[in-house]
Amino acid sequence: MLNIIILQGRLTKNLELKQTQSDKAIVRFDIAVNKYTPKEHPEADFFTIVAWEQTAEFICKYFKKGDLILIQGQVRTGKYTDDNGITRKTFEVWAKKVDFCGSKKGGTDNGEETNVLDDDELPF
């Protein structure tokens, strides 16, 4: 059995590192992942990401709203009953690995310009 998901998207808000009752670091946030749609009608899917301990600390230290992030993790689903007695389903990605994908403006942290291609310029 295999449960691996890889997503590249932008953080939708600034992050807040929290601690569980057992003193484990956790961060929960959403990323917007662009769909392959015509430029005139851009669309995105939104995924809830959960990261724990060192991964959570790394993300909170180096990423902020609008930053592009690459996440490899596992899909976790669950159920809970809300305050109105309605059963709700959850769908989260638990991050195992994260990586940088560049800045919001296409530059790198060292001030160098990167060569960014639009979808229309891709060779495939």
# chains A, B, ... in the order shown; residues from 1 in each chain; ligands from 1

call {"tool": "residues_around", "arguments": {"residues": "A:Leu2", "least_positions_apart": "2", "cutoff": "10 Å", "atoms": "only C-alpha atoms", "output": "list in words"}}
result
Ile4, Ile5 and Gln74 of chain A

call {"tool": "residues_around", "arguments": {"residues": "A:Lys18", "least_positions_apart": "3", "cutoff": "9 Å", "atoms": "only C-alpha atoms", "output": "ChimeraX atom specification"}}
result
/A:23-28

call {"tool": "write_last_selection", "arguments": {"atoms": "N, CA and C atoms", "output": "tab-separated table (two decimals), in the first residue's frame"}}
result
chain	number	residue	atom	x	y	z
A	23	ASP	N	3.67	19.08	24.50
A	23	ASP	CA	4.79	19.95	24.14
A	23	ASP	C	5.44	19.61	22.79
A	24	LYS	N	4.62	19.15	21.83
A	24	LYS	CA	5.12	18.92	20.48
A	24	LYS	C	4.73	20.11	19.61
A	25	ALA	N	5.67	20.56	18.78
A	25	ALA	CA	5.40	21.69	17.88
A	25	ALA	C	4.49	21.21	16.75
A	26	ILE	N	3.53	22.07	16.38
A	26	ILE	CA	2.60	21.76	15.29
A	26	ILE	C	2.24	23.06	14.57
A	27	VAL	N	2.07	22.95	13.26
A	27	VAL	CA	1.55	24.06	12.48
A	27	VAL	C	0.54	23.49	11.50
A	28	ARG	N	-0.56	24.20	11.35
A	28	ARG	CA	-1.63	23.80	10.43
A	28	ARG	C	-1.90	25.01	9.53

call {"tool": "residues_around", "arguments": {"residues": "stretch 8-15 of chain A", "least_positions_apart": "5", "cutoff": "9 Å", "atoms": "only C-alpha atoms", "output": "mmCIF file with N, CA and C atoms, in the first residue's frame"}}
result
data_model
loop_
_atom_site.group_PDB
_atom_site.id
_atom_site.type_symbol
_atom_site.label_atom_id
_atom_site.label_comp_id
_atom_site.auth_asym_id
_atom_site.auth_seq_id
_atom_site.Cartn_x
_atom_site.Cartn_y
_atom_site.Cartn_z
ATOM 1 N N VAL A 27 2.074 22.954 13.263
ATOM 2 C CA VAL A 27 1.551 24.064 12.480
ATOM 3 C C VAL A 27 0.537 23.491 11.503
ATOM 4 N N ARG A 28 -0.563 24.195 11.348
ATOM 5 C CA ARG A 28 -1.634 23.801 10.425
ATOM 6 C C ARG A 28 -1.897 25.014 9.532
ATOM 7 N N PHE A 29 -1.897 24.801 8.212
ATOM 8 C CA PHE A 29 -2.081 25.910 7.278
ATOM 9 C C PHE A 29 -2.632 25.387 5.966
ATOM 10 N N ASP A 30 -3.047 26.303 5.106
ATOM 11 C CA ASP A 30 -3.567 25.943 3.790
ATOM 12 C C ASP A 30 -2.605 26.428 2.714
ATOM 13 N N ILE A 31 -2.565 25.666 1.614
ATOM 14 C CA ILE A 31 -1.848 26.117 0.430
ATOM 15 C C ILE A 31 -2.818 26.113 -0.748
ATOM 16 N N ALA A 32 -2.601 27.047 -1.663
ATOM 17 C CA ALA A 32 -3.385 27.128 -2.890
ATOM 18 C C ALA A 32 -2.553 26.504 -4.005
ATOM 19 N N VAL A 33 -3.124 25.505 -4.665
ATOM 20 C CA VAL A 33 -2.450 24.800 -5.753
ATOM 21 C C VAL A 33 -3.203 25.105 -7.041
ATOM 22 N N ASN A 34 -2.504 25.752 -7.984
ATOM 23 C CA ASN A 34 -3.146 26.126 -9.245
ATOM 24 C C ASN A 34 -3.552 24.901 -10.040
ATOM 25 N N PHE A 46 -7.474 24.096 -2.692
ATOM 26 C CA PHE A 46 -6.878 24.449 -1.411
ATOM 27 C C PHE A 46 -6.741 23.186 -0.564
ATOM 28 N N ILE A 59 9.232 25.074 8.687
ATOM 29 C CA ILE A 59 8.264 25.799 7.857
ATOM 30 C C ILE A 59 7.991 27.182 8.448
ATOM 31 N N CYS A 60 7.762 27.265 9.742
ATOM 32 C CA CYS A 60 7.452 28.548 10.371
ATOM 33 C C CYS A 60 8.632 29.518 10.321
ATOM 34 N N PHE A 63 9.114 30.199 5.874
ATOM 35 C CA PHE A 63 8.031 30.456 4.929
ATOM 36 C C PHE A 63 7.035 31.455 5.501
ATOM 37 N N LYS A 64 6.424 32.234 4.592
ATOM 38 C CA LYS A 64 5.398 33.194 4.983
ATOM 39 C C LYS A 64 4.324 33.236 3.897
ATOM 40 N N LYS A 65 3.275 33.985 4.147
ATOM 41 C CA LYS A 65 2.155 34.100 3.212
ATOM 42 C C LYS A 65 2.651 34.428 1.801
ATOM 43 N N GLY A 66 2.137 33.685 0.820
ATOM 44 C CA GLY A 66 2.481 33.920 -0.580
ATOM 45 C C GLY A 66 3.680 33.138 -1.076
ATOM 46 N N ASP A 67 4.477 32.567 -0.170
ATOM 47 C CA ASP A 67 5.648 31.800 -0.585
ATOM 48 C C ASP A 67 5.230 30.493 -1.240
ATOM 49 N N LEU A 68 6.015 30.099 -2.230
ATOM 50 C CA LEU A 68 5.803 28.834 -2.919
ATOM 51 C C LEU A 68 6.515 27.738 -2.140
ATOM 52 N N ILE A 69 5.822 26.629 -1.898
ATOM 53 C CA ILE A 69 6.381 25.540 -1.101
ATOM 54 C C ILE A 69 6.085 24.213 -1.792
ATOM 55 N N LEU A 70 7.014 23.291 -1.678
ATOM 56 C CA LEU A 70 6.838 21.931 -2.184
ATOM 57 C C LEU A 70 6.701 21.013 -0.985
ATOM 58 N N ILE A 71 5.635 20.239 -0.958
ATOM 59 C CA ILE A 71 5.341 19.382 0.187
ATOM 60 C C ILE A 71 5.179 17.951 -0.270
ATOM 61 N N GLN A 72 5.846 17.048 0.431
ATOM 62 C CA GLN A 72 5.628 15.618 0.244
ATOM 63 C C GLN A 72 5.104 15.085 1.562
ATOM 64 N N CYS A 101 10.691 26.527 -3.366
ATOM 65 C CA CYS A 101 10.419 26.535 -4.807
ATOM 66 C C CYS A 101 10.676 27.898 -5.413
ATOM 67 N N LYS A 104 7.964 34.639 -4.271
ATOM 68 C CA LYS A 104 6.715 35.047 -4.917
ATOM 69 C C LYS A 104 6.973 35.814 -6.206
#

call {"tool": "residues_around", "arguments": {"residues": "A:Tyr80", "least_positions_apart": "2", "cutoff": "8 Å", "atoms": "only C-alpha atoms", "output": "ChimeraX atom specification"}}
result
/A:78,82,87-90

call {"tool": "write_last_selection", "arguments": {"atoms": "C-alpha atoms", "output": "CSV table (one decimal), in the first residue's frame"}}
result
chain,number,residue,atom,x,y,z
A,78,GLY,CA,-11.1,11.4,9.6
A,82,ASP,CA,-19.7,19.2,15.1
A,87,THR,CA,-20.9,14.3,11.1
A,88,ARG,CA,-18.1,16.0,9.2
A,89,LYS,CA,-15.2,14.5,7.2
A,90,THR,CA,-11.6,15.8,7.3

call {"tool": "select_by_dssp", "arguments": {"residues": "chain A", "states": "alpha helix (DSSP H)", "output": "PyMOL selection string"}}
result
chain A and resi 53-62

call {"tool": "write_last_selection", "arguments": {"atoms": "N, CA and C atoms", "output": "PDB file, in the first residue's frame"}}
result
ATOM      1  N   GLU A  53       6.674  18.879  14.796  1.00  0.00           N
ATOM      2  CA  GLU A  53       8.007  18.981  15.373  1.00  0.00           C
ATOM      3  C   GLU A  53       8.998  19.741  14.497  1.00  0.00           C
ATOM      4  N   GLN A  54      10.145  19.124  14.090  1.00  0.00           N
ATOM      5  CA  GLN A  54      11.177  19.846  13.356  1.00  0.00           C
ATOM      6  C   GLN A  54      10.668  20.374  12.017  1.00  0.00           C
ATOM      7  N   THR A  55       9.802  19.622  11.357  1.00  0.00           N
ATOM      8  CA  THR A  55       9.251  20.078  10.082  1.00  0.00           C
ATOM      9  C   THR A  55       8.402  21.320  10.298  1.00  0.00           C
ATOM     10  N   ALA A  56       7.591  21.339  11.333  1.00  0.00           N
ATOM     11  CA  ALA A  56       6.763  22.509  11.652  1.00  0.00           C
ATOM     12  C   ALA A  56       7.639  23.717  11.965  1.00  0.00           C
ATOM     13  N   GLU A  57       8.685  23.516  12.752  1.00  0.00           N
ATOM     14  CA  GLU A  57       9.580  24.610  13.110  1.00  0.00           C
ATOM     15  C   GLU A  57      10.285  25.165  11.871  1.00  0.00           C
ATOM     16  N   PHE A  58      10.727  24.298  10.973  1.00  0.00           N
ATOM     17  CA  PHE A  58      11.392  24.704   9.736  1.00  0.00           C
ATOM     18  C   PHE A  58      10.460  25.553   8.872  1.00  0.00           C
ATOM     19  N   ILE A  59       9.232  25.074   8.687  1.00  0.00           N
ATOM     20  CA  ILE A  59       8.264  25.799   7.857  1.00  0.00           C
ATOM     21  C   ILE A  59       7.991  27.182   8.448  1.00  0.00           C
ATOM     22  N   CYS A  60       7.762  27.265   9.742  1.00  0.00           N
ATOM     23  CA  CYS A  60       7.452  28.548  10.371  1.00  0.00           C
ATOM     24  C   CYS A  60       8.632  29.518  10.321  1.00  0.00           C
ATOM     25  N   LYS A  61       9.834  28.992  10.330  1.00  0.00           N
ATOM     26  CA  LYS A  61      11.026  29.835  10.304  1.00  0.00           C
ATOM     27  C   LYS A  61      11.287  30.416   8.911  1.00  0.00           C
ATOM     28  N   TYR A  62      11.046  29.628   7.859  1.00  0.00           N
ATOM     29  CA  TYR A  62      11.494  30.013   6.525  1.00  0.00           C
ATOM     30  C   TYR A  62      10.385  30.378   5.534  1.00  0.00           C
TER      31      TYR A  62
END

call {"tool": "atom_distance", "arguments": {"atom1": "atom CA of A:Arg76", "atom2": "atom CA of A:Ala51"}}
result
12.1 Å

call {"tool": "decode", "arguments": {"residues": "stretch 55-93 of chain A", "atoms": "N, CA and C atoms", "output": "PDB file, in the first residue's frame"}}
result
ATOM      1  N   THR A  55       9.802  19.622  11.357  1.00  0.00           N
ATOM      2  CA  THR A  55       9.251  20.078  10.082  1.00  0.00           C
ATOM      3  C   THR A  55       8.402  21.320  10.298  1.00  0.00           C
ATOM      4  N   ALA A  56       7.591  21.339  11.333  1.00  0.00           N
ATOM      5  CA  ALA A  56       6.763  22.509  11.652  1.00  0.00           C
ATOM      6  C   ALA A  56       7.639  23.717  11.965  1.00  0.00           C
ATOM      7  N   GLU A  57       8.685  23.516  12.752  1.00  0.00           N
ATOM      8  CA  GLU A  57       9.580  24.610  13.110  1.00  0.00           C
ATOM      9  C   GLU A  57      10.285  25.165  11.871  1.00  0.00           C
ATOM     10  N   PHE A  58      10.727  24.298  10.973  1.00  0.00           N
ATOM     11  CA  PHE A  58      11.392  24.704   9.736  1.00  0.00           C
ATOM     12  C   PHE A  58      10.460  25.553   8.872  1.00  0.00           C
ATOM     13  N   ILE A  59       9.232  25.074   8.687  1.00  0.00           N
ATOM     14  CA  ILE A  59       8.264  25.799   7.857  1.00  0.00           C
ATOM     15  C   ILE A  59       7.991  27.182   8.448  1.00  0.00           C
ATOM     16  N   CYS A  60       7.762  27.265   9.742  1.00  0.00           N
ATOM     17  CA  CYS A  60       7.452  28.548  10.371  1.00  0.00           C
ATOM     18  C   CYS A  60       8.632  29.518  10.321  1.00  0.00           C
ATOM     19  N   LYS A  61       9.834  28.992  10.330  1.00  0.00           N
ATOM     20  CA  LYS A  61      11.026  29.835  10.304  1.00  0.00           C
ATOM     21  C   LYS A  61      11.287  30.416   8.911  1.00  0.00           C
ATOM     22  N   TYR A  62      11.046  29.628   7.859  1.00  0.00           N
ATOM     23  CA  TYR A  62      11.494  30.013   6.525  1.00  0.00           C
ATOM     24  C   TYR A  62      10.385  30.378   5.534  1.00  0.00           C
ATOM     25  N   PHE A  63       9.114  30.199   5.874  1.00  0.00           N
ATOM     26  CA  PHE A  63       8.031  30.456   4.929  1.00  0.00           C
ATOM     27  C   PHE A  63       7.035  31.455   5.501  1.00  0.00           C
ATOM     28  N   LYS A  64       6.424  32.234   4.592  1.00  0.00           N
ATOM     29  CA  LYS A  64       5.398  33.194   4.983  1.00  0.00           C
ATOM     30  C   LYS A  64       4.324  33.236   3.897  1.00  0.00           C
ATOM     31  N   LYS A  65       3.275  33.985   4.147  1.00  0.00           N
ATOM     32  CA  LYS A  65       2.155  34.100   3.212  1.00  0.00           C
ATOM     33  C   LYS A  65       2.651  34.428   1.801  1.00  0.00           C
ATOM     34  N   GLY A  66       2.137  33.685   0.820  1.00  0.00           N
ATOM     35  CA  GLY A  66       2.481  33.920  -0.580  1.00  0.00           C
ATOM     36  C   GLY A  66       3.680  33.138  -1.076  1.00  0.00           C
ATOM     37  N   ASP A  67       4.477  32.567  -0.170  1.00  0.00           N
ATOM     38  CA  ASP A  67       5.648  31.800  -0.585  1.00  0.00           C
ATOM     39  C   ASP A  67       5.230  30.493  -1.240  1.00  0.00           C
ATOM     40  N   LEU A  68       6.015  30.099  -2.230  1.00  0.00           N
ATOM     41  CA  LEU A  68       5.803  28.834  -2.919  1.00  0.00           C
ATOM     42  C   LEU A  68       6.515  27.738  -2.140  1.00  0.00           C
ATOM     43  N   ILE A  69       5.822  26.629  -1.898  1.00  0.00           N
ATOM     44  CA  ILE A  69       6.381  25.540  -1.101  1.00  0.00           C
ATOM     45  C   ILE A  69       6.085  24.213  -1.792  1.00  0.00           C
ATOM     46  N   LEU A  70       7.014  23.291  -1.678  1.00  0.00           N
ATOM     47  CA  LEU A  70       6.838  21.931  -2.184  1.00  0.00           C
ATOM     48  C   LEU A  70       6.701  21.013  -0.985  1.00  0.00           C
ATOM     49  N   ILE A  71       5.635  20.239  -0.958  1.00  0.00           N
ATOM     50  CA  ILE A  71       5.341  19.382   0.187  1.00  0.00           C
ATOM     51  C   ILE A  71       5.179  17.951  -0.270  1.00  0.00           C
ATOM     52  N   GLN A  72       5.846  17.048   0.431  1.00  0.00           N
ATOM     53  CA  GLN A  72       5.628  15.618   0.244  1.00  0.00           C
ATOM     54  C   GLN A  72       5.104  15.085   1.562  1.00  0.00           C
ATOM     55  N   GLY A  73       4.002  14.351   1.496  1.00  0.00           N
ATOM     56  CA  GLY A  73       3.423  13.858   2.733  1.00  0.00           C
ATOM     57  C   GLY A  73       2.437  12.743   2.496  1.00  0.00           C
ATOM     58  N   GLN A  74       1.572  12.563   3.478  1.00  0.00           N
ATOM     59  CA  GLN A  74       0.553  11.519   3.443  1.00  0.00           C
ATOM     60  C   GLN A  74      -0.822  12.151   3.630  1.00  0.00           C
ATOM     61  N   VAL A  75      -1.810  11.604   2.951  1.00  0.00           N
ATOM     62  CA  VAL A  75      -3.185  12.042   3.131  1.00  0.00           C
ATOM     63  C   VAL A  75      -3.740  11.371   4.380  1.00  0.00           C
ATOM     64  N   ARG A  76      -4.360  12.178   5.225  1.00  0.00           N
ATOM     65  CA  ARG A  76      -5.014  11.659   6.422  1.00  0.00           C
ATOM     66  C   ARG A  76      -6.476  12.092   6.378  1.00  0.00           C
ATOM     67  N   THR A  77      -7.377  11.147   6.545  1.00  0.00           N
ATOM     68  CA  THR A  77      -8.799  11.449   6.583  1.00  0.00           C
ATOM     69  C   THR A  77      -9.350  11.100   7.953  1.00  0.00           C
ATOM     70  N   GLY A  78     -10.453  11.703   8.297  1.00  0.00           N
ATOM     71  CA  GLY A  78     -11.068  11.417   9.578  1.00  0.00           C
ATOM     72  C   GLY A  78     -12.494  11.912   9.610  1.00  0.00           C
ATOM     73  N   LYS A  79     -13.145  11.710  10.748  1.00  0.00           N
ATOM     74  CA  LYS A  79     -14.517  12.157  10.964  1.00  0.00           C
ATOM     75  C   LYS A  79     -14.617  12.753  12.351  1.00  0.00           C
ATOM     76  N   TYR A  80     -15.547  13.690  12.475  1.00  0.00           N
ATOM     77  CA  TYR A  80     -15.884  14.224  13.794  1.00  0.00           C
ATOM     78  C   TYR A  80     -17.319  14.721  13.743  1.00  0.00           C
ATOM     79  N   THR A  81     -17.901  14.918  14.898  1.00  0.00           N
ATOM     80  CA  THR A  81     -19.261  15.440  14.997  1.00  0.00           C
ATOM     81  C   THR A  81     -19.175  16.882  15.470  1.00  0.00           C
ATOM     82  N   ASP A  82     -19.776  17.798  14.701  1.00  0.00           N
ATOM     83  CA  ASP A  82     -19.715  19.212  15.072  1.00  0.00           C
ATOM     84  C   ASP A  82     -20.706  19.520  16.193  1.00  0.00           C
ATOM     85  N   ASP A  83     -20.747  20.792  16.585  1.00  0.00           N
ATOM     86  CA  ASP A  83     -21.608  21.216  17.698  1.00  0.00           C
ATOM     87  C   ASP A  83     -23.085  21.021  17.421  1.00  0.00           C
ATOM     88  N   ASN A  84     -23.463  20.909  16.141  1.00  0.00           N
ATOM     89  CA  ASN A  84     -24.866  20.707  15.772  1.00  0.00           C
ATOM     90  C   ASN A  84     -25.206  19.235  15.588  1.00  0.00           C
ATOM     91  N   GLY A  85     -24.281  18.338  15.915  1.00  0.00           N
ATOM     92  CA  GLY A  85     -24.523  16.910  15.794  1.00  0.00           C
ATOM     93  C   GLY A  85     -24.347  16.357  14.389  1.00  0.00           C
ATOM     94  N   ILE A  86     -23.775  17.164  13.488  1.00  0.00           N
ATOM     95  CA  ILE A  86     -23.569  16.727  12.106  1.00  0.00           C
ATOM     96  C   ILE A  86     -22.187  16.103  11.972  1.00  0.00           C
ATOM     97  N   THR A  87     -22.136  14.931  11.346  1.00  0.00           N
ATOM     98  CA  THR A  87     -20.859  14.262  11.115  1.00  0.00           C
ATOM     99  C   THR A  87     -20.135  14.938   9.965  1.00  0.00           C
ATOM    100  N   ARG A  88     -18.910  15.344  10.210  1.00  0.00           N
ATOM    101  CA  ARG A  88     -18.076  16.021   9.210  1.00  0.00           C
ATOM    102  C   ARG A  88     -16.875  15.134   8.892  1.00  0.00           C
ATOM    103  N   LYS A  89     -16.390  15.238   7.657  1.00  0.00           N
ATOM    104  CA  LYS A  89     -15.191  14.510   7.245  1.00  0.00           C
ATOM    105  C   LYS A  89     -14.032  15.484   7.130  1.00  0.00           C
ATOM    106  N   THR A  90     -12.840  15.008   7.427  1.00  0.00           N
ATOM    107  CA  THR A  90     -11.638  15.825   7.283  1.00  0.00           C
ATOM    108  C   THR A  90     -10.718  15.198   6.246  1.00  0.00           C
ATOM    109  N   PHE A  91      -9.955  16.063   5.594  1.00  0.00           N
ATOM    110  CA  PHE A  91      -8.967  15.652   4.600  1.00  0.00           C
ATOM    111  C   PHE A  91      -7.770  16.571   4.802  1.00  0.00           C
ATOM    112  N   GLU A  92      -6.659  16.016   5.269  1.00  0.00           N
ATOM    113  CA  GLU A  92      -5.452  16.796   5.533  1.00  0.00           C
ATOM    114  C   GLU A  92      -4.259  16.093   4.917  1.00  0.00           C
ATOM    115  N   VAL A  93      -3.231  16.873   4.643  1.00  0.00           N
ATOM    116  CA  VAL A  93      -1.953  16.323   4.203  1.00  0.00           C
ATOM    117  C   VAL A  93      -0.972  16.533   5.343  1.00  0.00           C
TER     118      VAL A  93
END
